[in-house]
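Here is the structure we will look at.
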Amino acid sequence: MLRFAVTVFAVMTSSTCQKYGCLEGDTHKLKPSPEPNMHECTLYSKSSCCYADFTEQLAHSPVIKVKNSYWNRCGQLSKSCEDFTKKIECFYRCSPHAARWIHPKYAAGIRSVPLCQSFCDDWYEACKDDSICAHNWLTDWEWDESGKNHCKTKCIPYSEMYTNGTDMCQNMWGESFKVSKSSCLCLQMNKKDMMAIKYLLSESSEESSSSSSSSSEEHACQKKLLKFEKLKGEEGEQTR
């Protein structure tokens, strides 16, 4: 499960790959393409970096393992916690935009993907009563000769392993994610991400938040988000 940080060679990746290609993980395509028959991760079906057959592993609940990485070393995840874990797995494996945040030393890894605070808080709330034994899921497992993961320490509740949603998001997957200061220029692993991605992929980034250009990106994103939510609300009214 996202085991890229300890299994790949250090590689510098070209800017062309970052913009148009996929990460270089063991399940990734070279370039994204449509996958209309996905079993899970359908958010990325129109342009996917994973093949549809990979998503079969995520299509049934409870998920026991993905590749050789077991999700149930401390018992089965609750359905709500499992759903969030699937969102993270789908983003890493299938998102055509994940390579925008490619790790500078690992062509199969990501670094500092901006997650919305609300997403992290909801994820923490969903998992806080589940149990876990690895603080960093990339490095804190014991891996056997067949590549299967095992606990090094005893299982404890998520609420004891992590202080809050921010702590969890910024540590559970090492350097992979960060909590964004923006409420719009960030990812929630849902359809709203398409608006955020548009602005995150522009030359102006959140990292230069003090600049006027970044402020304008934030403002434009917020306007688009309000329009999107209004349209969804109207659609909901019409279907009642």
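Starting from 1 in every chain, residues are counted up; chains themselves are A, B, ... following the order of the structure tokens, and ligands are numbered from 1 as listed.
Shell of range 183-194 of chain A at 6 Å, with only C-alpha atoms counted and residues fewer than 4 places along the chain excluded, is Pro114, Leu115, Cys116 and Phe119 of chain A.
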At a cut-off of 8 Å, using only C-alpha atoms, what residues contact range 101-103 of chain A? Leave out same-chain residues fewer than 5 positions from it and give the result as a list in words.
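After dropping sequence-adjacent residues, the list is Gln18, Leu23, Ala108, Gly109, Ile110, Arg111, Ser112 and Val113 of chain A.
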May I have the residues within 12 Å of Asn37 in chain A as a ChimeraX atom specification, using only C-alpha atoms and disregarding those fewer than 4 positions away in the same chain?
/A:41-46,48,50-56,59
Output N, CA, C and O atoms for every residue in that selection, as a short mmCIF file (atom, residue, chain, number, x, y, z; two decimals), in the first residue's frame.
```
data_model
loop_
_atom_site.label_atom_id
_atom_site.label_comp_id
_atom_site.auth_asym_id
_atom_site.auth_seq_id
_atom_site.Cartn_x
_atom_site.Cartn_y
_atom_site.Cartn_z
N CYS A 41 -12.50 3.64 -7.65
CA CYS A 41 -11.69 4.79 -8.10
C CYS A 41 -12.28 5.44 -9.36
O CYS A 41 -11.56 6.00 -10.20
N THR A 42 -13.60 5.40 -9.49
CA THR A 42 -14.25 5.90 -10.70
C THR A 42 -14.11 7.41 -10.89
O THR A 42 -14.40 7.92 -11.98
N LEU A 43 -13.66 8.11 -9.87
CA LEU A 43 -13.39 9.55 -10.01
C LEU A 43 -12.39 9.79 -11.12
O LEU A 43 -12.38 10.86 -11.74
N TYR A 44 -11.55 8.80 -11.40
CA TYR A 44 -10.48 8.96 -12.38
C TYR A 44 -10.71 8.13 -13.65
O TYR A 44 -9.78 7.91 -14.43
N SER A 45 -11.93 7.69 -13.88
CA SER A 45 -12.20 6.79 -15.00
C SER A 45 -11.98 7.44 -16.37
O SER A 45 -11.63 6.76 -17.33
N LYS A 46 -12.16 8.75 -16.49
CA LYS A 46 -11.99 9.43 -17.78
C LYS A 46 -10.52 9.62 -18.14
O LYS A 46 -10.19 9.79 -19.32
N SER A 48 -7.09 7.91 -16.36
CA SER A 48 -6.57 7.14 -15.23
C SER A 48 -5.14 6.68 -15.45
O SER A 48 -4.75 6.30 -16.55
N CYS A 50 -4.10 4.14 -13.58
CA CYS A 50 -4.14 2.72 -13.23
C CYS A 50 -5.07 1.99 -14.19
O CYS A 50 -5.93 2.60 -14.83
N TYR A 51 -4.90 0.70 -14.29
CA TYR A 51 -5.77 -0.12 -15.12
C TYR A 51 -6.99 -0.56 -14.33
O TYR A 51 -6.94 -0.69 -13.10
N ALA A 52 -8.09 -0.79 -15.02
CA ALA A 52 -9.34 -1.15 -14.36
C ALA A 52 -9.18 -2.41 -13.51
O ALA A 52 -9.77 -2.51 -12.43
N ASP A 53 -8.38 -3.39 -13.97
CA ASP A 53 -8.27 -4.63 -13.22
C ASP A 53 -7.61 -4.43 -11.85
O ASP A 53 -7.88 -5.18 -10.92
N PHE A 54 -6.76 -3.39 -11.71
CA PHE A 54 -6.17 -3.12 -10.41
C PHE A 54 -7.25 -2.80 -9.38
O PHE A 54 -7.16 -3.20 -8.21
N THR A 55 -8.28 -2.08 -9.80
CA THR A 55 -9.30 -1.60 -8.86
C THR A 55 -10.20 -2.72 -8.33
O THR A 55 -10.98 -2.50 -7.39
N GLU A 56 -10.09 -3.92 -8.89
CA GLU A 56 -10.85 -5.05 -8.35
C GLU A 56 -10.49 -5.30 -6.89
O GLU A 56 -11.33 -5.73 -6.09
N ALA A 59 -12.69 -3.12 -4.72
CA ALA A 59 -14.13 -3.09 -5.04
C ALA A 59 -15.01 -3.73 -3.99
O ALA A 59 -16.22 -3.49 -3.96
#
```
Considering only C-alpha atoms, give me a table of residues in range 9-89 of chain A that are at most 9 Å from range 122-129 of chain A, with the closest atom pair and distance in Å for each, as CSV.
```
residue,atom,partner,partner_atom,distance
A:Leu77,CA,A:Cys127,CA,8.0
A:Ser78,CA,A:Cys127,CA,7.4
A:Lys79,CA,A:Ala126,CA,8.7
A:Ser80,CA,A:Ala126,CA,5.4
A:Cys81,CA,A:Cys127,CA,4.7
A:Glu82,CA,A:Cys127,CA,8.2
A:Asp83,CA,A:Ala126,CA,8.9
A:Phe84,CA,A:Trp123,CA,6.0
A:Thr85,CA,A:Trp123,CA,8.4
```
Store the residues picked out above in a file with C-alpha atoms, as an mmCIF file, in the first residue's frame.
```cif
data_model
loop_
_atom_site.group_PDB
_atom_site.id
_atom_site.type_symbol
_atom_site.label_atom_id
_atom_site.label_comp_id
_atom_site.auth_asym_id
_atom_site.auth_seq_id
_atom_site.Cartn_x
_atom_site.Cartn_y
_atom_site.Cartn_z
ATOM 1 C CA LEU A 77 -11.085 -1.251 9.229
ATOM 2 C CA SER A 78 -14.538 0.186 9.833
ATOM 3 C CA LYS A 79 -16.432 0.961 6.630
ATOM 4 C CA SER A 80 -16.044 4.723 7.094
ATOM 5 C CA CYS A 81 -12.293 4.473 7.716
ATOM 6 C CA GLU A 82 -11.874 2.053 4.834
ATOM 7 C CA ASP A 83 -13.625 4.483 2.475
ATOM 8 C CA PHE A 84 -11.096 7.225 3.248
ATOM 9 C CA THR A 85 -8.184 4.805 2.899
#
```
As a PyMOL selection string, please: every residue in range 81-187 of chain A that a backbone DSSP assignment puts in helix (DSSP H, G or I).
chain A and resi 81-94+98-101+117-127+158-161+165-169
Just C-alpha atoms for this one: save the residues we selected as a PDB file, in the first residue's frame.
```pdb
ATOM      1  CA  CYS A  81     -12.293   4.473   7.716  1.00  0.00           C
ATOM      2  CA  GLU A  82     -11.874   2.053   4.834  1.00  0.00           C
ATOM      3  CA  ASP A  83     -13.625   4.483   2.475  1.00  0.00           C
ATOM      4  CA  PHE A  84     -11.096   7.225   3.248  1.00  0.00           C
ATOM      5  CA  THR A  85      -8.184   4.805   2.899  1.00  0.00           C
ATOM      6  CA  LYS A  86      -9.551   3.846  -0.514  1.00  0.00           C
ATOM      7  CA  LYS A  87      -9.640   7.519  -1.546  1.00  0.00           C
ATOM      8  CA  ILE A  88      -5.942   7.883  -0.750  1.00  0.00           C
ATOM      9  CA  GLU A  89      -5.070   4.624  -2.512  1.00  0.00           C
ATOM     10  CA  CYS A  90      -7.095   5.630  -5.578  1.00  0.00           C
ATOM     11  CA  PHE A  91      -5.431   9.029  -5.768  1.00  0.00           C
ATOM     12  CA  TYR A  92      -1.928   7.575  -5.599  1.00  0.00           C
ATOM     13  CA  ARG A  93      -2.587   4.703  -8.001  1.00  0.00           C
ATOM     14  CA  CYS A  94      -5.012   6.258 -10.465  1.00  0.00           C
ATOM     15  CA  ALA A  98      -0.556  12.807  -8.825  1.00  0.00           C
ATOM     16  CA  ALA A  99       2.699  13.260 -10.763  1.00  0.00           C
ATOM     17  CA  ARG A 100       2.257  17.026 -10.343  1.00  0.00           C
ATOM     18  CA  TRP A 101       3.631  16.403  -6.828  1.00  0.00           C
ATOM     19  CA  GLN A 117      -8.254  20.668   6.346  1.00  0.00           C
ATOM     20  CA  SER A 118     -11.871  19.509   6.282  1.00  0.00           C
ATOM     21  CA  PHE A 119     -10.879  16.313   4.456  1.00  0.00           C
ATOM     22  CA  CYS A 120      -8.202  15.521   7.035  1.00  0.00           C
ATOM     23  CA  ASP A 121     -10.551  16.245   9.922  1.00  0.00           C
ATOM     24  CA  ASP A 122     -13.256  14.010   8.438  1.00  0.00           C
ATOM     25  CA  TRP A 123     -10.719  11.248   7.738  1.00  0.00           C
ATOM     26  CA  TYR A 124      -9.504  11.372  11.330  1.00  0.00           C
ATOM     27  CA  GLU A 125     -13.066  11.303  12.660  1.00  0.00           C
ATOM     28  CA  ALA A 126     -13.824   8.258  10.497  1.00  0.00           C
ATOM     29  CA  CYS A 127     -10.774   6.321  11.718  1.00  0.00           C
ATOM     30  CA  TYR A 158      -5.818   6.031  15.648  1.00  0.00           C
ATOM     31  CA  SER A 159      -6.767   8.620  18.267  1.00  0.00           C
ATOM     32  CA  GLU A 160      -3.709   7.592  20.298  1.00  0.00           C
ATOM     33  CA  MET A 161      -1.370   7.333  17.317  1.00  0.00           C
ATOM     34  CA  GLY A 165      -6.499  15.237  11.396  1.00  0.00           C
ATOM     35  CA  THR A 166      -3.521  17.465  10.620  1.00  0.00           C
ATOM     36  CA  ASP A 167      -1.131  15.167  12.486  1.00  0.00           C
ATOM     37  CA  MET A 168      -2.516  12.133  10.678  1.00  0.00           C
ATOM     38  CA  CYS A 169      -2.467  13.630   7.177  1.00  0.00           C
TER      39      CYS A 169
END
```
Under the rule that only C-alpha atoms are counted, which of A:Ala220, A:Ala196, A:Cys133, A:Leu58 is the nearest residue to Arg73 in chain A?
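Counting only C-alpha atoms, the residue closest to Arg73 in chain A is A:Cys133.
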Atomic separation - CA of Ser176 in chain A relative to CA of Pro104 in chain A, Å:
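Distance between the two atoms: 11.6 Å.
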Sel. of strand (DSSP E) residues, range 23-140 of chain A, as a PyMOL selection string
chain A and resi 28-33+48-50+65-66+69-70+113-115+131-132
Keeping only all heavy atoms, take the residues you just selected and write them out as a tab-separated table (two decimals), in the first residue's frame.
```
chain	number	residue	atom	x	y	z
A	28	HIS	N	1.32	1.54	-12.18
A	28	HIS	CA	1.02	2.73	-12.98
A	28	HIS	C	1.26	2.52	-14.48
A	28	HIS	O	2.16	1.80	-14.88
A	28	HIS	CB	1.86	3.91	-12.51
A	28	HIS	CG	1.49	4.43	-11.16
A	28	HIS	ND1	1.96	3.86	-10.00
A	28	HIS	CD2	0.69	5.45	-10.79
A	28	HIS	CE1	1.47	4.52	-8.96
A	28	HIS	NE2	0.69	5.49	-9.41
A	29	LYS	N	0.44	3.21	-15.26
A	29	LYS	CA	0.67	3.28	-16.70
A	29	LYS	C	1.78	4.30	-16.98
A	29	LYS	O	2.18	5.04	-16.09
A	29	LYS	CB	-0.60	3.76	-17.41
A	29	LYS	CG	-1.84	2.94	-17.20
A	29	LYS	CD	-3.01	3.64	-17.89
A	29	LYS	CE	-4.33	2.95	-17.67
A	29	LYS	NZ	-5.46	3.69	-18.29
A	30	LEU	N	2.22	4.37	-18.23
A	30	LEU	CA	3.18	5.41	-18.61
A	30	LEU	C	2.47	6.75	-18.71
A	30	LEU	O	3.00	7.79	-18.28
A	30	LEU	CB	3.83	5.07	-19.95
A	30	LEU	CG	4.80	3.88	-19.94
A	30	LEU	CD1	5.30	3.60	-21.35
A	30	LEU	CD2	5.97	4.14	-19.00
A	31	LYS	N	1.25	6.73	-19.28
A	31	LYS	CA	0.45	7.95	-19.43
A	31	LYS	C	-1.00	7.63	-19.10
A	31	LYS	O	-1.46	6.51	-19.34
A	31	LYS	CB	0.56	8.51	-20.85
A	31	LYS	CG	1.92	9.10	-21.17
A	31	LYS	CD	1.88	9.80	-22.52
A	31	LYS	CE	3.21	10.48	-22.83
A	31	LYS	NZ	3.17	11.21	-24.13
A	32	PRO	N	-1.74	8.61	-18.59
A	32	PRO	CA	-3.15	8.36	-18.27
A	32	PRO	C	-4.00	8.15	-19.52
A	32	PRO	O	-3.73	8.74	-20.58
A	32	PRO	CB	-3.57	9.63	-17.52
A	32	PRO	CG	-2.61	10.68	-17.98
A	32	PRO	CD	-1.31	9.97	-18.23
A	33	SER	N	-5.02	7.34	-19.38
A	33	SER	CA	-5.97	7.08	-20.46
A	33	SER	C	-7.29	6.64	-19.85
A	33	SER	O	-7.35	6.27	-18.68
A	33	SER	CB	-5.42	6.00	-21.41
A	33	SER	OG	-5.21	4.79	-20.71
A	48	SER	N	-7.09	7.91	-16.36
A	48	SER	CA	-6.57	7.14	-15.23
A	48	SER	C	-5.14	6.68	-15.45
A	48	SER	O	-4.75	6.30	-16.55
A	48	SER	CB	-7.46	5.92	-14.99
A	48	SER	OG	-6.93	5.10	-13.99
A	49	CYS	N	-4.37	6.70	-14.35
A	49	CYS	CA	-3.00	6.17	-14.38
A	49	CYS	C	-2.95	4.71	-13.93
A	49	CYS	O	-1.87	4.12	-13.88
A	49	CYS	CB	-2.09	7.02	-13.51
A	49	CYS	SG	-1.49	8.53	-14.33
A	50	CYS	N	-4.10	4.14	-13.58
A	50	CYS	CA	-4.14	2.72	-13.23
A	50	CYS	C	-5.07	1.99	-14.19
A	50	CYS	O	-5.93	2.60	-14.83
A	50	CYS	CB	-4.62	2.52	-11.79
A	50	CYS	SG	-6.37	2.94	-11.50
A	65	LYS	N	-6.28	-6.69	1.52
A	65	LYS	CA	-4.95	-6.23	1.16
A	65	LYS	C	-4.98	-5.60	-0.23
A	65	LYS	O	-5.89	-5.84	-1.03
A	65	LYS	CB	-3.95	-7.38	1.17
A	65	LYS	CG	-4.20	-8.45	0.11
A	65	LYS	CD	-3.11	-9.50	0.10
A	65	LYS	CE	-3.36	-10.53	-1.01
A	65	LYS	NZ	-2.25	-11.50	-1.13
A	66	VAL	N	-3.96	-4.78	-0.51
A	66	VAL	CA	-3.73	-4.22	-1.84
A	66	VAL	C	-2.30	-4.61	-2.20
A	66	VAL	O	-1.36	-4.26	-1.49
A	66	VAL	CB	-3.90	-2.69	-1.86
A	66	VAL	CG1	-3.54	-2.13	-3.23
A	66	VAL	CG2	-5.33	-2.32	-1.51
A	69	SER	N	0.28	-5.64	0.62
A	69	SER	CA	0.14	-4.84	1.84
A	69	SER	C	-1.23	-5.05	2.47
A	69	SER	O	-2.25	-4.71	1.89
A	69	SER	CB	0.35	-3.36	1.51
A	69	SER	OG	1.67	-3.13	1.09
A	70	TYR	N	-1.23	-5.60	3.67
A	70	TYR	CA	-2.47	-5.92	4.37
A	70	TYR	C	-3.00	-4.71	5.13
A	70	TYR	O	-2.25	-4.00	5.79
A	70	TYR	CB	-2.25	-7.08	5.33
A	70	TYR	CG	-2.16	-8.41	4.62
A	70	TYR	CD1	-0.99	-8.78	3.95
A	70	TYR	CD2	-3.25	-9.29	4.58
A	70	TYR	CE1	-0.91	-10.00	3.29
A	70	TYR	CE2	-3.18	-10.50	3.92
A	70	TYR	CZ	-2.01	-10.85	3.27
A	70	TYR	OH	-1.93	-12.06	2.59
A	113	VAL	N	1.41	16.82	-1.35
A	113	VAL	CA	0.11	17.00	-2.01
A	113	VAL	C	-0.80	17.75	-1.04
A	113	VAL	O	-0.98	17.32	0.10
A	113	VAL	CB	-0.52	15.64	-2.36
A	113	VAL	CG1	-1.90	15.84	-2.99
A	113	VAL	CG2	0.38	14.85	-3.29
A	114	PRO	N	-1.37	18.90	-1.45
A	114	PRO	CA	-2.18	19.70	-0.52
A	114	PRO	C	-3.58	19.13	-0.30
A	114	PRO	O	-4.40	19.08	-1.21
A	114	PRO	CB	-2.25	21.06	-1.22
A	114	PRO	CG	-2.16	20.73	-2.69
A	114	PRO	CD	-1.25	19.54	-2.78
A	115	LEU	N	-3.85	18.69	0.91
A	115	LEU	CA	-5.17	18.20	1.27
A	115	LEU	C	-5.92	19.27	2.04
A	115	LEU	O	-5.33	20.04	2.80
A	115	LEU	CB	-5.05	16.95	2.14
A	115	LEU	CG	-4.41	15.71	1.50
A	115	LEU	CD1	-4.37	14.56	2.50
A	115	LEU	CD2	-5.14	15.29	0.24
A	131	SER	N	-8.01	0.68	14.89
A	131	SER	CA	-6.68	0.43	15.46
A	131	SER	C	-5.60	0.41	14.39
A	131	SER	O	-5.84	0.05	13.24
A	131	SER	CB	-6.68	-0.89	16.24
A	131	SER	OG	-7.52	-0.80	17.37
A	132	ILE	N	-4.39	0.74	14.81
A	132	ILE	CA	-3.26	0.90	13.91
A	132	ILE	C	-1.97	0.60	14.67
A	132	ILE	O	-1.91	0.78	15.89
A	132	ILE	CB	-3.26	2.35	13.34
A	132	ILE	CG1	-2.20	2.54	12.27
A	132	ILE	CG2	-3.07	3.37	14.45
A	132	ILE	CD1	-2.30	3.91	11.58
```
Excluding same-chain residues fewer than 6 positions from Tyr199 in chain A, what lies within 12 Å of it counting only C-alpha atoms, as a list in words?
Ser182, Cys184, Leu185, Cys186, Leu187, Asp193, Ser205, Glu206, Ser213, Ser214, Ser215, Ser216, Glu217, Glu218, His219, Ala220, Cys221, Gln222, Lys224 and Leu225 of chain A
Do you have the CA of Trp137 in chain A-CA of Met172 in chain A distance handy?
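Going from CA of Trp137 in chain A over to CA of Met172 in chain A, I get 5.8 Å.
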